[in-house]
file my_file_31.cif (mmCIF, C-alpha atoms and all ligand atoms)
data_start
loop_
_atom_site.group_PDB
_atom_site.id
_atom_site.type_symbol
_atom_site.label_atom_id
_atom_site.label_comp_id
_atom_site.auth_asym_id
_atom_site.auth_seq_id
_atom_site.Cartn_x
_atom_site.Cartn_y
_atom_site.Cartn_z
ATOM 1 C CA MET A 84 166.762 228.420 59.070
ATOM 2 C CA ASP A 85 169.166 225.590 59.860
ATOM 3 C CA PHE A 86 167.475 222.706 61.688
ATOM 4 C CA PRO A 87 169.212 219.477 62.761
ATOM 5 C CA GLU A 88 168.837 216.417 60.559
ATOM 6 C CA PHE A 89 167.318 213.256 62.060
ATOM 7 C CA SER A 90 167.312 211.301 58.795
ATOM 8 C CA LEU A 91 170.007 208.643 58.370
ATOM 9 C CA THR A 92 169.783 208.578 54.583
ATOM 10 C CA GLY A 93 173.100 207.548 53.035
ATOM 11 C CA LYS A 94 174.567 206.307 56.330
ATOM 12 C CA ILE A 95 175.989 202.798 56.755
ATOM 13 C CA ALA A 96 175.058 201.129 60.057
ATOM 14 C CA LEU A 97 176.334 197.892 61.584
ATOM 15 C CA VAL A 98 174.145 196.171 64.215
ATOM 16 C CA THR A 99 175.351 193.230 66.317
ATOM 17 C CA GLY A 100 173.066 190.447 67.538
ATOM 18 C CA ALA A 101 170.319 191.332 65.085
ATOM 19 C CA SER A 102 168.639 187.929 64.720
ATOM 20 C CA ARG A 103 165.836 188.705 67.204
ATOM 21 C CA GLY A 104 164.615 191.005 69.959
ATOM 22 C CA ILE A 105 165.876 194.568 70.226
ATOM 23 C CA GLY A 106 168.711 194.099 67.701
ATOM 24 C CA ARG A 107 166.441 192.879 64.916
ATOM 25 C CA TYR A 108 164.049 195.759 65.558
ATOM 26 C CA LEU A 109 166.896 198.308 65.616
ATOM 27 C CA ALA A 110 168.275 197.024 62.300
ATOM 28 C CA LEU A 111 164.847 197.407 60.668
ATOM 29 C CA GLY A 112 164.316 200.771 62.379
ATOM 30 C CA LEU A 113 167.664 202.202 61.262
ATOM 31 C CA ALA A 114 166.753 201.118 57.717
ATOM 32 C CA HIS A 115 163.351 202.810 58.091
ATOM 33 C CA TYR A 116 165.140 206.064 58.938
ATOM 34 C CA GLY A 117 167.291 205.766 55.811
ATOM 35 C CA ALA A 118 170.448 203.797 56.651
ATOM 36 C CA ASP A 119 171.912 200.866 54.724
ATOM 37 C CA ILE A 120 172.530 198.002 57.124
ATOM 38 C CA ILE A 121 175.194 195.452 57.952
ATOM 39 C CA ILE A 122 173.179 192.916 59.877
ATOM 40 C CA THR A 123 175.262 190.580 62.034
ATOM 41 C CA GLY A 124 174.655 187.625 64.304
ATOM 42 C CA ARG A 125 175.934 184.216 65.235
ATOM 43 C CA THR A 126 174.291 182.401 62.317
ATOM 44 C CA VAL A 127 173.391 183.687 58.868
ATOM 45 C CA TYR A 128 170.107 181.804 58.415
ATOM 46 C CA GLN A 129 168.552 183.616 61.412
ATOM 47 C CA LEU A 130 169.297 186.968 59.748
ATOM 48 C CA GLU A 131 167.976 186.298 56.261
ATOM 49 C CA GLU A 132 164.341 187.206 56.884
ATOM 50 C CA ALA A 133 165.275 190.555 58.454
ATOM 51 C CA ALA A 134 167.687 191.183 55.570
ATOM 52 C CA ARG A 135 164.847 190.611 53.072
ATOM 53 C CA GLU A 136 162.621 193.058 54.967
ATOM 54 C CA ILE A 137 165.376 195.693 54.892
ATOM 55 C CA GLN A 138 165.885 195.219 51.154
ATOM 56 C CA GLN A 139 162.127 195.518 50.605
ATOM 57 C CA MET A 140 162.387 198.994 52.154
ATOM 58 C CA GLY A 141 164.787 199.874 49.313
ATOM 59 C CA ARG A 142 167.903 199.805 51.504
ATOM 60 C CA ARG A 143 171.085 197.851 50.913
ATOM 61 C CA CYS A 144 171.726 195.078 53.436
ATOM 62 C CA LEU A 145 174.759 192.873 53.947
ATOM 63 C CA VAL A 146 174.480 189.784 56.152
ATOM 64 C CA VAL A 147 177.677 189.035 58.064
ATOM 65 C CA PRO A 148 178.080 186.134 60.506
ATOM 66 C CA MET A 149 179.765 187.408 63.648
ATOM 67 C CA ASP A 150 179.978 185.785 67.074
ATOM 68 C CA ILE A 151 181.178 188.665 69.205
ATOM 69 C CA THR A 152 182.873 186.359 71.706
ATOM 70 C CA ARG A 153 185.373 185.541 68.934
ATOM 71 C CA LYS A 154 187.703 188.403 68.102
ATOM 72 C CA ALA A 155 188.685 186.778 64.805
ATOM 73 C CA ASP A 156 184.980 186.778 63.790
ATOM 74 C CA ILE A 157 184.673 190.461 64.661
ATOM 75 C CA ASP A 158 187.789 191.499 62.749
ATOM 76 C CA ALA A 159 186.853 189.416 59.681
ATOM 77 C CA GLY A 160 183.213 190.576 59.764
ATOM 78 C CA VAL A 161 184.068 194.260 60.097
ATOM 79 C CA GLU A 162 186.656 193.950 57.293
ATOM 80 C CA LYS A 163 184.058 192.290 55.044
ATOM 81 C CA ALA A 164 181.569 195.068 55.797
ATOM 82 C CA PHE A 165 184.185 197.748 55.088
ATOM 83 C CA GLN A 166 185.208 196.091 51.799
ATOM 84 C CA HIS A 167 181.539 196.008 50.760
ATOM 85 C CA PHE A 168 180.442 199.527 51.704
ATOM 86 C CA GLY A 169 183.742 201.431 51.928
ATOM 87 C CA ARG A 170 182.788 203.019 55.262
ATOM 88 C CA ILE A 171 180.854 202.459 58.499
ATOM 89 C CA ASP A 172 179.051 205.487 59.938
ATOM 90 C CA ILE A 173 177.076 203.925 62.792
ATOM 91 C CA LEU A 174 177.855 200.990 65.083
ATOM 92 C CA VAL A 175 175.104 199.662 67.338
ATOM 93 C CA ASN A 176 176.518 197.210 69.881
ATOM 94 C CA ASN A 177 173.398 195.296 70.802
ATOM 95 C CA ALA A 178 174.422 191.628 71.173
ATOM 96 C CA GLY A 179 174.251 190.483 74.763
ATOM 97 C CA ILE A 180 173.182 187.728 77.124
ATOM 98 C CA ASN A 181 171.958 187.296 80.667
ATOM 99 C CA ILE A 182 172.248 184.211 82.904
ATOM 100 C CA PRO A 183 170.142 185.164 85.936
ATOM 101 C CA LYS A 184 171.232 183.280 89.081
ATOM 102 C CA PRO A 185 171.813 184.010 92.766
ATOM 103 C CA ALA A 186 175.407 185.189 93.234
ATOM 104 C CA LEU A 187 176.300 182.100 95.258
ATOM 105 C CA GLU A 188 175.349 179.848 92.331
ATOM 106 C CA VAL A 189 177.181 181.674 89.527
ATOM 107 C CA THR A 190 179.807 179.386 88.001
ATOM 108 C CA GLU A 191 183.060 180.515 86.477
ATOM 109 C CA GLU A 192 181.655 179.575 83.070
ATOM 110 C CA ASP A 193 178.469 181.690 83.644
ATOM 111 C CA TRP A 194 180.545 184.672 84.716
ATOM 112 C CA ARG A 195 182.939 184.449 81.789
ATOM 113 C CA ARG A 196 180.167 183.916 79.214
ATOM 114 C CA VAL A 197 178.303 187.048 80.339
ATOM 115 C CA LEU A 198 181.409 189.222 80.549
ATOM 116 C CA ASP A 199 182.819 187.846 77.262
ATOM 117 C CA SER A 200 179.608 188.711 75.408
ATOM 118 C CA ASN A 201 178.425 191.909 77.039
ATOM 119 C CA LEU A 202 181.716 193.675 77.757
ATOM 120 C CA THR A 203 184.748 192.073 76.090
ATOM 121 C CA GLY A 204 182.973 191.349 72.801
ATOM 122 C CA LEU A 205 181.435 194.812 72.771
ATOM 123 C CA PHE A 206 184.864 196.385 73.319
ATOM 124 C CA PHE A 207 186.453 194.539 70.406
ATOM 125 C CA CYS A 208 183.546 195.539 68.137
ATOM 126 C CA CYS A 209 184.196 199.164 69.162
ATOM 127 C CA GLN A 210 187.913 198.702 68.487
ATOM 128 C CA ALA A 211 187.486 197.116 65.029
ATOM 129 C CA VAL A 212 184.937 199.695 63.848
ATOM 130 C CA GLY A 213 186.655 202.516 65.776
ATOM 131 C CA ARG A 214 189.771 201.993 63.637
ATOM 132 C CA ILE A 215 187.716 202.626 60.500
ATOM 133 C CA MET A 216 185.962 205.602 62.078
ATOM 134 C CA VAL A 217 189.266 207.181 63.165
ATOM 135 C CA ASN A 218 190.454 206.943 59.534
ATOM 136 C CA GLN A 219 187.152 208.465 58.383
ATOM 137 C CA GLN A 220 187.361 211.098 61.149
ATOM 138 C CA SER A 221 183.650 210.524 61.821
ATOM 139 C CA GLY A 222 181.255 208.003 63.307
ATOM 140 C CA LYS A 223 178.595 207.289 65.901
ATOM 141 C CA ILE A 224 178.863 204.360 68.301
ATOM 142 C CA ILE A 225 175.835 203.401 70.366
ATOM 143 C CA ASN A 226 176.267 200.745 73.046
ATOM 144 C CA ILE A 227 173.131 199.010 74.280
ATOM 145 C CA SER A 228 173.707 198.998 78.020
ATOM 146 C CA SER A 229 170.942 198.560 80.616
ATOM 147 C CA GLN A 230 169.498 200.305 83.660
ATOM 148 C CA THR A 231 171.340 197.525 85.521
ATOM 149 C CA GLY A 232 174.564 199.395 84.760
ATOM 150 C CA THR A 233 173.220 202.023 87.180
ATOM 151 C CA VAL A 234 171.020 200.148 89.672
ATOM 152 C CA ALA A 235 171.396 196.703 91.213
ATOM 153 C CA ILE A 236 168.864 193.965 90.507
ATOM 154 C CA GLN A 237 169.205 190.639 92.284
ATOM 155 C CA TRP A 238 170.442 187.512 90.429
ATOM 156 C CA ARG A 239 172.426 189.682 88.069
ATOM 157 C CA ALA A 240 175.951 189.875 89.517
ATOM 158 C CA ALA A 241 177.642 189.259 86.173
ATOM 159 C CA TYR A 242 175.040 191.075 84.057
ATOM 160 C CA CYS A 243 175.059 194.245 86.211
ATOM 161 C CA SER A 244 178.867 194.222 86.309
ATOM 162 C CA SER A 245 179.063 193.886 82.533
ATOM 163 C CA LYS A 246 176.641 196.764 81.915
ATOM 164 C CA ALA A 247 178.338 199.034 84.484
ATOM 165 C CA GLY A 248 181.543 198.250 82.582
ATOM 166 C CA VAL A 249 179.865 199.218 79.305
ATOM 167 C CA ASN A 250 178.847 202.576 80.800
ATOM 168 C CA LEU A 251 182.379 203.532 81.811
ATOM 169 C CA LEU A 252 183.913 202.055 78.653
ATOM 170 C CA THR A 253 181.549 204.327 76.709
ATOM 171 C CA LYS A 254 183.029 207.348 78.475
ATOM 172 C CA VAL A 255 186.648 206.227 77.986
ATOM 173 C CA LEU A 256 186.111 205.747 74.246
ATOM 174 C CA ALA A 257 184.285 209.077 74.032
ATOM 175 C CA LEU A 258 187.335 210.687 75.642
ATOM 176 C CA GLU A 259 189.854 208.980 73.343
ATOM 177 C CA TRP A 260 187.916 209.325 70.099
ATOM 178 C CA GLY A 261 186.207 212.702 70.574
ATOM 179 C CA PRO A 262 189.131 214.460 68.838
ATOM 180 C CA HIS A 263 188.399 212.248 65.800
ATOM 181 C CA HIS A 264 184.756 213.425 65.666
ATOM 182 C CA ILE A 265 183.447 210.081 66.862
ATOM 183 C CA ASN A 266 180.512 210.158 69.284
ATOM 184 C CA VAL A 267 180.329 207.241 71.719
ATOM 185 C CA ASN A 268 177.144 206.926 73.760
ATOM 186 C CA ALA A 269 175.070 204.254 75.457
ATOM 187 C CA VAL A 270 171.346 203.585 75.686
ATOM 188 C CA ALA A 271 170.295 201.972 78.955
ATOM 189 C CA PRO A 272 166.794 200.480 78.825
ATOM 190 C CA THR A 273 164.591 199.118 81.555
ATOM 191 C CA PHE A 274 162.795 195.779 80.967
ATOM 192 C CA ILE A 275 161.856 195.508 77.305
ATOM 193 C CA GLU A 276 159.595 192.698 76.060
ATOM 194 C CA THR A 277 161.840 190.397 74.010
ATOM 195 C CA PRO A 278 162.662 186.679 73.903
ATOM 196 C CA MET A 279 165.322 187.398 76.573
ATOM 197 C CA THR A 280 162.858 188.775 79.118
ATOM 198 C CA LYS A 281 159.739 186.752 78.206
ATOM 199 C CA PRO A 282 160.402 183.965 80.759
ATOM 200 C CA MET A 283 161.251 186.505 83.495
ATOM 201 C CA LEU A 284 158.146 188.631 82.912
ATOM 202 C CA GLU A 285 155.899 185.560 82.853
ATOM 203 C CA ASN A 286 156.716 185.140 86.551
ATOM 204 C CA GLU A 287 153.889 187.060 88.291
ATOM 205 C CA ALA A 288 155.911 188.091 91.368
ATOM 206 C CA PHE A 289 158.813 189.324 89.210
ATOM 207 C CA ARG A 290 156.501 191.259 86.890
ATOM 208 C CA GLU A 291 154.849 192.883 89.905
ATOM 209 C CA MET A 292 158.250 193.959 91.269
ATOM 210 C CA VAL A 293 159.132 195.423 87.850
ATOM 211 C CA MET A 294 155.821 197.269 87.493
ATOM 212 C CA GLY A 295 156.275 198.703 90.984
ATOM 213 C CA LYS A 296 159.529 200.325 89.883
ATOM 214 C CA ILE A 297 158.582 201.755 86.486
ATOM 215 C CA LEU A 298 156.938 205.123 87.140
ATOM 216 C CA LEU A 299 155.311 205.248 83.719
ATOM 217 C CA GLY A 300 153.400 202.052 84.461
ATOM 218 C CA ARG A 301 154.467 199.715 81.654
ATOM 219 C CA VAL A 302 157.413 197.649 80.536
ATOM 220 C CA GLY A 303 159.188 198.778 77.387
ATOM 221 C CA GLN A 304 158.952 197.679 73.783
ATOM 222 C CA PRO A 305 161.841 197.645 71.271
ATOM 223 C CA LYS A 306 160.220 200.786 69.818
ATOM 224 C CA ASP A 307 161.156 202.668 73.020
ATOM 225 C CA VAL A 308 164.842 201.855 72.476
ATOM 226 C CA LEU A 309 164.783 202.774 68.781
ATOM 227 C CA GLY A 310 163.898 206.440 69.394
ATOM 228 C CA ALA A 311 166.978 206.895 71.564
ATOM 229 C CA VAL A 312 169.215 205.076 69.080
ATOM 230 C CA ILE A 313 168.006 207.112 66.096
ATOM 231 C CA TYR A 314 168.609 210.341 68.007
ATOM 232 C CA LEU A 315 172.147 209.345 69.026
ATOM 233 C CA ALA A 316 172.932 208.122 65.487
ATOM 234 C CA SER A 317 171.734 211.358 63.893
ATOM 235 C CA GLU A 318 173.267 214.758 63.300
ATOM 236 C CA ALA A 319 170.939 216.063 66.032
ATOM 237 C CA ALA A 320 173.262 214.434 68.620
ATOM 238 C CA ASP A 321 176.535 215.749 67.121
ATOM 239 C CA LEU A 322 177.460 217.443 70.434
ATOM 240 C CA VAL A 323 176.460 214.494 72.645
ATOM 241 C CA THR A 324 179.188 212.053 73.664
ATOM 242 C CA GLY A 325 180.094 209.912 76.668
ATOM 243 C CA HIS A 326 176.437 209.909 77.673
ATOM 244 C CA VAL A 327 174.343 207.038 79.042
ATOM 245 C CA LEU A 328 170.754 207.684 77.987
ATOM 246 C CA LEU A 329 168.402 205.855 80.358
ATOM 247 C CA VAL A 330 165.156 204.684 78.768
ATOM 248 C CA ASP A 331 163.835 203.318 82.028
ATOM 249 C CA GLY A 332 160.323 204.709 82.514
ATOM 250 C CA GLY A 333 161.613 206.416 85.665
ATOM 251 C CA TRP A 334 163.009 203.279 87.407
ATOM 252 C CA THR A 335 166.195 205.055 88.486
ATOM 253 C CA ALA A 336 164.469 208.351 89.392
ATOM 254 C CA HIS A 337 163.482 207.091 92.842
HETATM 255 N N1 LIG B 1 165.194 193.006 76.930
HETATM 256 C C1 LIG B 1 165.505 193.807 77.950
HETATM 257 O O1 LIG B 1 164.732 193.993 78.918
HETATM 258 C C2 LIG B 1 166.807 194.540 77.965
HETATM 259 C C3 LIG B 1 166.958 195.598 78.886
HETATM 260 C C4 LIG B 1 168.151 196.290 78.917
HETATM 261 C C5 LIG B 1 169.171 195.956 78.045
HETATM 262 N N2 LIG B 1 168.990 194.939 77.155
HETATM 263 C C6 LIG B 1 170.094 194.631 76.255
HETATM 264 O O2 LIG B 1 169.651 194.708 74.931
HETATM 265 C C7 LIG B 1 170.390 193.799 74.121
HETATM 266 C C8 LIG B 1 169.440 192.905 73.353
HETATM 267 O O3 LIG B 1 168.640 192.191 74.280
HETATM 268 P P1 LIG B 1 167.319 191.403 73.859
HETATM 269 O O4 LIG B 1 166.380 191.538 74.979
HETATM 270 O O5 LIG B 1 166.899 191.765 72.492
HETATM 271 O O6 LIG B 1 167.885 189.908 73.925
HETATM 272 P P2 LIG B 1 167.615 188.646 72.987
HETATM 273 O O7 LIG B 1 168.160 187.487 73.735
HETATM 274 O O8 LIG B 1 166.197 188.613 72.559
HETATM 275 O O9 LIG B 1 168.539 188.968 71.730
HETATM 276 C C9 LIG B 1 169.935 189.036 71.886
HETATM 277 C C10 LIG B 1 170.580 188.934 70.539
HETATM 278 O O10 LIG B 1 172.009 188.949 70.737
HETATM 279 C C11 LIG B 1 172.552 187.847 70.041
HETATM 280 N N3 LIG B 1 173.790 187.408 70.668
HETATM 281 C C12 LIG B 1 173.978 186.956 71.917
HETATM 282 N N4 LIG B 1 175.262 186.597 72.093
HETATM 283 C C13 LIG B 1 175.875 186.837 70.907
HETATM 284 C C14 LIG B 1 177.205 186.669 70.453
HETATM 285 N N5 LIG B 1 178.161 186.147 71.218
HETATM 286 N N6 LIG B 1 177.488 187.036 69.187
HETATM 287 C C15 LIG B 1 176.541 187.539 68.387
HETATM 288 N N7 LIG B 1 175.267 187.701 68.744
HETATM 289 C C16 LIG B 1 174.945 187.352 70.000
HETATM 290 C C17 LIG B 1 171.466 186.779 70.069
HETATM 291 O O11 LIG B 1 171.662 185.796 69.078
HETATM 292 C C18 LIG B 1 170.238 187.626 69.824
HETATM 293 O O12 LIG B 1 170.069 187.911 68.457
HETATM 294 C C19 LIG B 1 171.316 193.046 75.072
HETATM 295 O O13 LIG B 1 172.579 193.655 75.085
HETATM 296 C C20 LIG B 1 170.634 193.221 76.410
HETATM 297 O O14 LIG B 1 171.526 193.110 77.487
HETATM 298 C C21 LIG B 1 167.837 194.224 77.092
#
call {"tool": "encode", "arguments": {"input": "my_file_31.cif", "output": "structure tokens"}}
result
Amino acid sequence: MDFPEFSLTGKIALVTGASRGIGRYLALGLAHYGADIIITGRTVYQLEEAAREIQQMGRRCLVVPMDITRKADIDAGVEKAFQHFGRIDILVNNAGINIPKPALEVTEEDWRRVLDSNLTGLFFCCQAVGRIMVNQQSGKIINISSQTGTVAIQWRAAYCSSKAGVNLLTKVLALEWGPHHINVNAVAPTFIETPMTKPMLENEAFREMVMGKILLGRVGQPKDVLGAVIYLASEAADLVTGHVLLVDGGWTAH
């Protein structure tokens, strides 16, 4: 019988923003499921420990400095990765920031920083790797969006806008690149415990609000995001594209 393959053995995966939090965990997790990894982030020294862990698993790992708010960094980093491995099969666009503030207090700089990182930078990563994937006539792109691309949460005017943009961008790229056998999907998590959310979740009232919304009664861990990413990166999701997979514990179900 012919069953779908979940293993990523032999695949080359590039992960952005992999120095900590979800991105670091996804890079290690993709390696665990068999992929060789291009681990990228703003500074090399923050990536070296994760790179060592990946190599200890017997996988190849290339460390590439890449600030995704700089298009020149993206183009140079993706070129370096391509020269090294000769292909890129999986792109995980994870790098992102949040500057939580009431809408009336958001400065132009806050707004631009969030949009530049979460939407513009993500697009140019898709474009640089998409070019390689179109030549290959294959590839899987997974954009780390957020439930806030679907539901509003206060103090997140720029963040919600950026993630809603990621959701529709995902569909546009799926439409354009489907004929080239490239799957473009997004994973949209609820609150996941990481350095980004630690200060927010330490606020009792905020944590209570969050727990009141998550039907399954707990905040997420990076592990919860990995399952969705591995599925979308694997052959098992070959017919899935333009999809936003919510990993939200039921937040948006009510
Ligand atoms: N933690 C959550 O609750 C949660 C929920 C939904 C979505 N997300 C999304 O998941 C992704 C990772 O979040 P996290 O919680 O791990 O955050 P984090 O702050 O712990 O880690 C973010 C990573 O992105 C990197 N990064 C930020 N700007 C960058 C840039 N310009 N260039 C390169 N790297 C950059 C950081 O250096 C860091 O490694 C983000 O896109 C975030 O929006 C997080």
call {"tool": "residues_near_ligand", "arguments": {"input": "my_file_31.cif", "ligand": "ligand LIG 1 (chain B)", "cutoff": "7 Å", "atoms": "all atoms listed in the file", "output": "PDB file with C-alpha atoms, in the frame of the given file"}}
result
ATOM      1  CA  THR A  99     175.351 193.230  66.317  1.00  0.00           C
ATOM      2  CA  GLY A 100     173.066 190.447  67.538  1.00  0.00           C
ATOM      3  CA  ALA A 101     170.319 191.332  65.085  1.00  0.00           C
ATOM      4  CA  SER A 102     168.639 187.929  64.720  1.00  0.00           C
ATOM      5  CA  ARG A 103     165.836 188.705  67.204  1.00  0.00           C
ATOM      6  CA  GLY A 104     164.615 191.005  69.959  1.00  0.00           C
ATOM      7  CA  ILE A 105     165.876 194.568  70.226  1.00  0.00           C
ATOM      8  CA  GLY A 106     168.711 194.099  67.701  1.00  0.00           C
ATOM      9  CA  GLY A 124     174.655 187.625  64.304  1.00  0.00           C
ATOM     10  CA  ARG A 125     175.934 184.216  65.235  1.00  0.00           C
ATOM     11  CA  MET A 149     179.765 187.408  63.648  1.00  0.00           C
ATOM     12  CA  ASP A 150     179.978 185.785  67.074  1.00  0.00           C
ATOM     13  CA  ILE A 151     181.178 188.665  69.205  1.00  0.00           C
ATOM     14  CA  THR A 152     182.873 186.359  71.706  1.00  0.00           C
ATOM     15  CA  ASN A 177     173.398 195.296  70.802  1.00  0.00           C
ATOM     16  CA  ALA A 178     174.422 191.628  71.173  1.00  0.00           C
ATOM     17  CA  GLY A 179     174.251 190.483  74.763  1.00  0.00           C
ATOM     18  CA  ILE A 180     173.182 187.728  77.124  1.00  0.00           C
ATOM     19  CA  ASN A 181     171.958 187.296  80.667  1.00  0.00           C
ATOM     20  CA  SER A 200     179.608 188.711  75.408  1.00  0.00           C
ATOM     21  CA  ASN A 201     178.425 191.909  77.039  1.00  0.00           C
ATOM     22  CA  ILE A 227     173.131 199.010  74.280  1.00  0.00           C
ATOM     23  CA  SER A 228     173.707 198.998  78.020  1.00  0.00           C
ATOM     24  CA  SER A 229     170.942 198.560  80.616  1.00  0.00           C
ATOM     25  CA  GLN A 230     169.498 200.305  83.660  1.00  0.00           C
ATOM     26  CA  ALA A 271     170.295 201.972  78.955  1.00  0.00           C
ATOM     27  CA  PRO A 272     166.794 200.480  78.825  1.00  0.00           C
ATOM     28  CA  THR A 273     164.591 199.118  81.555  1.00  0.00           C
ATOM     29  CA  PHE A 274     162.795 195.779  80.967  1.00  0.00           C
ATOM     30  CA  ILE A 275     161.856 195.508  77.305  1.00  0.00           C
ATOM     31  CA  GLU A 276     159.595 192.698  76.060  1.00  0.00           C
ATOM     32  CA  THR A 277     161.840 190.397  74.010  1.00  0.00           C
ATOM     33  CA  PRO A 278     162.662 186.679  73.903  1.00  0.00           C
ATOM     34  CA  MET A 279     165.322 187.398  76.573  1.00  0.00           C
ATOM     35  CA  THR A 280     162.858 188.775  79.118  1.00  0.00           C
TER      36      THR A 280
END
call {"tool": "resolve_selection", "arguments": {"input": "my_file_31.cif", "expression": "the PyMOL selection byres (((chain A and resi 320) around 10) and not hetatm)", "output": "ChimeraX atom specification"}}
result
/A:87-89,223,266,268,313-319,321-324
call {"tool": "closest_residue", "arguments": {"input": "my_file_31.cif", "among": "A:Lys254, A:His337, A:His264, A:Arg290", "to": "Gly325 in chain A", "atoms": "only C-alpha atoms"}}
result
A:Lys254
call {"tool": "closest_atom_pairs", "arguments": {"input": "my_file_31.cif", "of": "range 156-186 of chain A", "to": "range 112-119 of chain A", "cutoff": "12 Å", "atoms": "all atoms listed in the file", "output": "JSON lines"}}
result
{"residue": "A:Ala164", "atom": "CA", "partner": "A:Asp119", "partner_atom": "CA", "distance": 11.3}
{"residue": "A:His167", "atom": "CA", "partner": "A:Asp119", "partner_atom": "CA", "distance": 11.5}
{"residue": "A:Phe168", "atom": "CA", "partner": "A:Asp119", "partner_atom": "CA", "distance": 9.1}
{"residue": "A:Arg170", "atom": "CA", "partner": "A:Asp119", "partner_atom": "CA", "distance": 11.1}
{"residue": "A:Ile171", "atom": "CA", "partner": "A:Asp119", "partner_atom": "CA", "distance": 9.8}
{"residue": "A:Asp172", "atom": "CA", "partner": "A:Ala118", "partner_atom": "CA", "distance": 9.4}
{"residue": "A:Ile173", "atom": "CA", "partner": "A:Ala118", "partner_atom": "CA", "distance": 9.0}
{"residue": "A:Leu174", "atom": "CA", "partner": "A:Leu113", "partner_atom": "CA", "distance": 11.0}
{"residue": "A:Val175", "atom": "CA", "partner": "A:Leu113", "partner_atom": "CA", "distance": 9.9}
call {"tool": "residues_around", "arguments": {"input": "my_file_31.cif", "residues": "Leu298 in chain A", "least_positions_apart": "6", "cutoff": "8 Å", "atoms": "all atoms listed in the file", "output": "JSON, numbers by chain"}}
result
{"A": [332, 333, 334]}
call {"tool": "resolve_selection", "arguments": {"input": "my_file_31.cif", "expression": "the PyMOL selection byres (((chain A and resi 157) around 10) and not hetatm)", "output": "ChimeraX atom specification"}}
result
/A:99,123,147-156,158-163,204-205,207-212
call {"tool": "atom_distance", "arguments": {"input": "my_file_31.cif", "atom1": "CA of Ala235 in chain A", "atom2": "CA of Thr335 in chain A"}}
result
10.2 Å
call {"tool": "atom_distance", "arguments": {"input": "my_file_31.cif", "atom1": "CA of Trp194 in chain A", "atom2": "CA of Ala241 in chain A"}}
result
5.6 Å
call {"tool": "resolve_selection", "arguments": {"input": "my_file_31.cif", "expression": "the PyMOL selection byres (((chain A and resi 307) around 10) and not hetatm)", "output": "PyMOL selection string"}}
result
chain A and resi 105+272-273+275+302-306+308-312+330-332
call {"tool": "write_last_selection", "arguments": {"input": "my_file_31.cif", "atoms": "C-alpha atoms", "output": "PDB file, keeping the file's coordinate frame"}}
result
ATOM      1  CA  ILE A 105     165.876 194.568  70.226  1.00  0.00           C
ATOM      2  CA  PRO A 272     166.794 200.480  78.825  1.00  0.00           C
ATOM      3  CA  THR A 273     164.591 199.118  81.555  1.00  0.00           C
ATOM      4  CA  ILE A 275     161.856 195.508  77.305  1.00  0.00           C
ATOM      5  CA  VAL A 302     157.413 197.649  80.536  1.00  0.00           C
ATOM      6  CA  GLY A 303     159.188 198.778  77.387  1.00  0.00           C
ATOM      7  CA  GLN A 304     158.952 197.679  73.783  1.00  0.00           C
ATOM      8  CA  PRO A 305     161.841 197.645  71.271  1.00  0.00           C
ATOM      9  CA  LYS A 306     160.220 200.786  69.818  1.00  0.00           C
ATOM     10  CA  VAL A 308     164.842 201.855  72.476  1.00  0.00           C
ATOM     11  CA  LEU A 309     164.783 202.774  68.781  1.00  0.00           C
ATOM     12  CA  GLY A 310     163.898 206.440  69.394  1.00  0.00           C
ATOM     13  CA  ALA A 311     166.978 206.895  71.564  1.00  0.00           C
ATOM     14  CA  VAL A 312     169.215 205.076  69.080  1.00  0.00           C
ATOM     15  CA  VAL A 330     165.156 204.684  78.768  1.00  0.00           C
ATOM     16  CA  ASP A 331     163.835 203.318  82.028  1.00  0.00           C
ATOM     17  CA  GLY A 332     160.323 204.709  82.514  1.00  0.00           C
TER      18      GLY A 332
END
call {"tool": "atom_distance", "arguments": {"input": "my_file_31.cif", "atom1": "CA of Val189 in chain A", "atom2": "CA of Ala240 in chain A"}}
result
8.3 Å
call {"tool": "closest_residue", "arguments": {"input": "my_file_31.cif", "among": "A:Trp238, A:Met216, A:Gly232, A:Asn176", "to": "Glu188 in chain A", "atoms": "only C-alpha atoms"}}
result
A:Trp238
call {"tool": "axis_aligned_box", "arguments": {"input": "my_file_31.cif", "around": "range 137-142 of chain A", "padding_each_side": "6 Å", "output": "JSON"}}
result
{"center_x": 165.0, "center_y": 197.5, "center_z": 52.1, "size_x": 17.8, "size_y": 16.7, "size_z": 17.6}
call {"tool": "decode", "arguments": {"input": "my_file_31.cif", "residues": "range 283-288 of chain A", "atoms": "N, CA and C atoms", "output": "PDB file, in the first residue's frame"}}
result
ATOM      1  N   MET A 283       4.224  39.289  28.714  1.00  0.00           N
ATOM      2  CA  MET A 283       2.765  39.461  28.619  1.00  0.00           C
ATOM      3  C   MET A 283       2.061  38.470  29.543  1.00  0.00           C
ATOM      4  N   LEU A 284       2.518  37.205  29.511  1.00  0.00           N
ATOM      5  CA  LEU A 284       1.819  36.155  30.255  1.00  0.00           C
ATOM      6  C   LEU A 284       2.115  36.216  31.750  1.00  0.00           C
ATOM      7  N   GLU A 285       3.128  36.999  32.125  1.00  0.00           N
ATOM      8  CA  GLU A 285       3.405  37.190  33.556  1.00  0.00           C
ATOM      9  C   GLU A 285       2.397  38.155  34.183  1.00  0.00           C
ATOM     10  N   ASN A 286       1.690  38.899  33.351  1.00  0.00           N
ATOM     11  CA  ASN A 286       0.647  39.804  33.831  1.00  0.00           C
ATOM     12  C   ASN A 286      -0.617  38.962  34.104  1.00  0.00           C
ATOM     13  N   GLU A 287      -0.987  38.869  35.383  1.00  0.00           N
ATOM     14  CA  GLU A 287      -2.082  37.986  35.819  1.00  0.00           C
ATOM     15  C   GLU A 287      -3.385  38.219  35.051  1.00  0.00           C
ATOM     16  N   ALA A 288      -3.766  39.526  34.918  1.00  0.00           N
ATOM     17  CA  ALA A 288      -5.042  39.845  34.269  1.00  0.00           C
ATOM     18  C   ALA A 288      -5.004  39.423  32.804  1.00  0.00           C
TER      19      ALA A 288
END
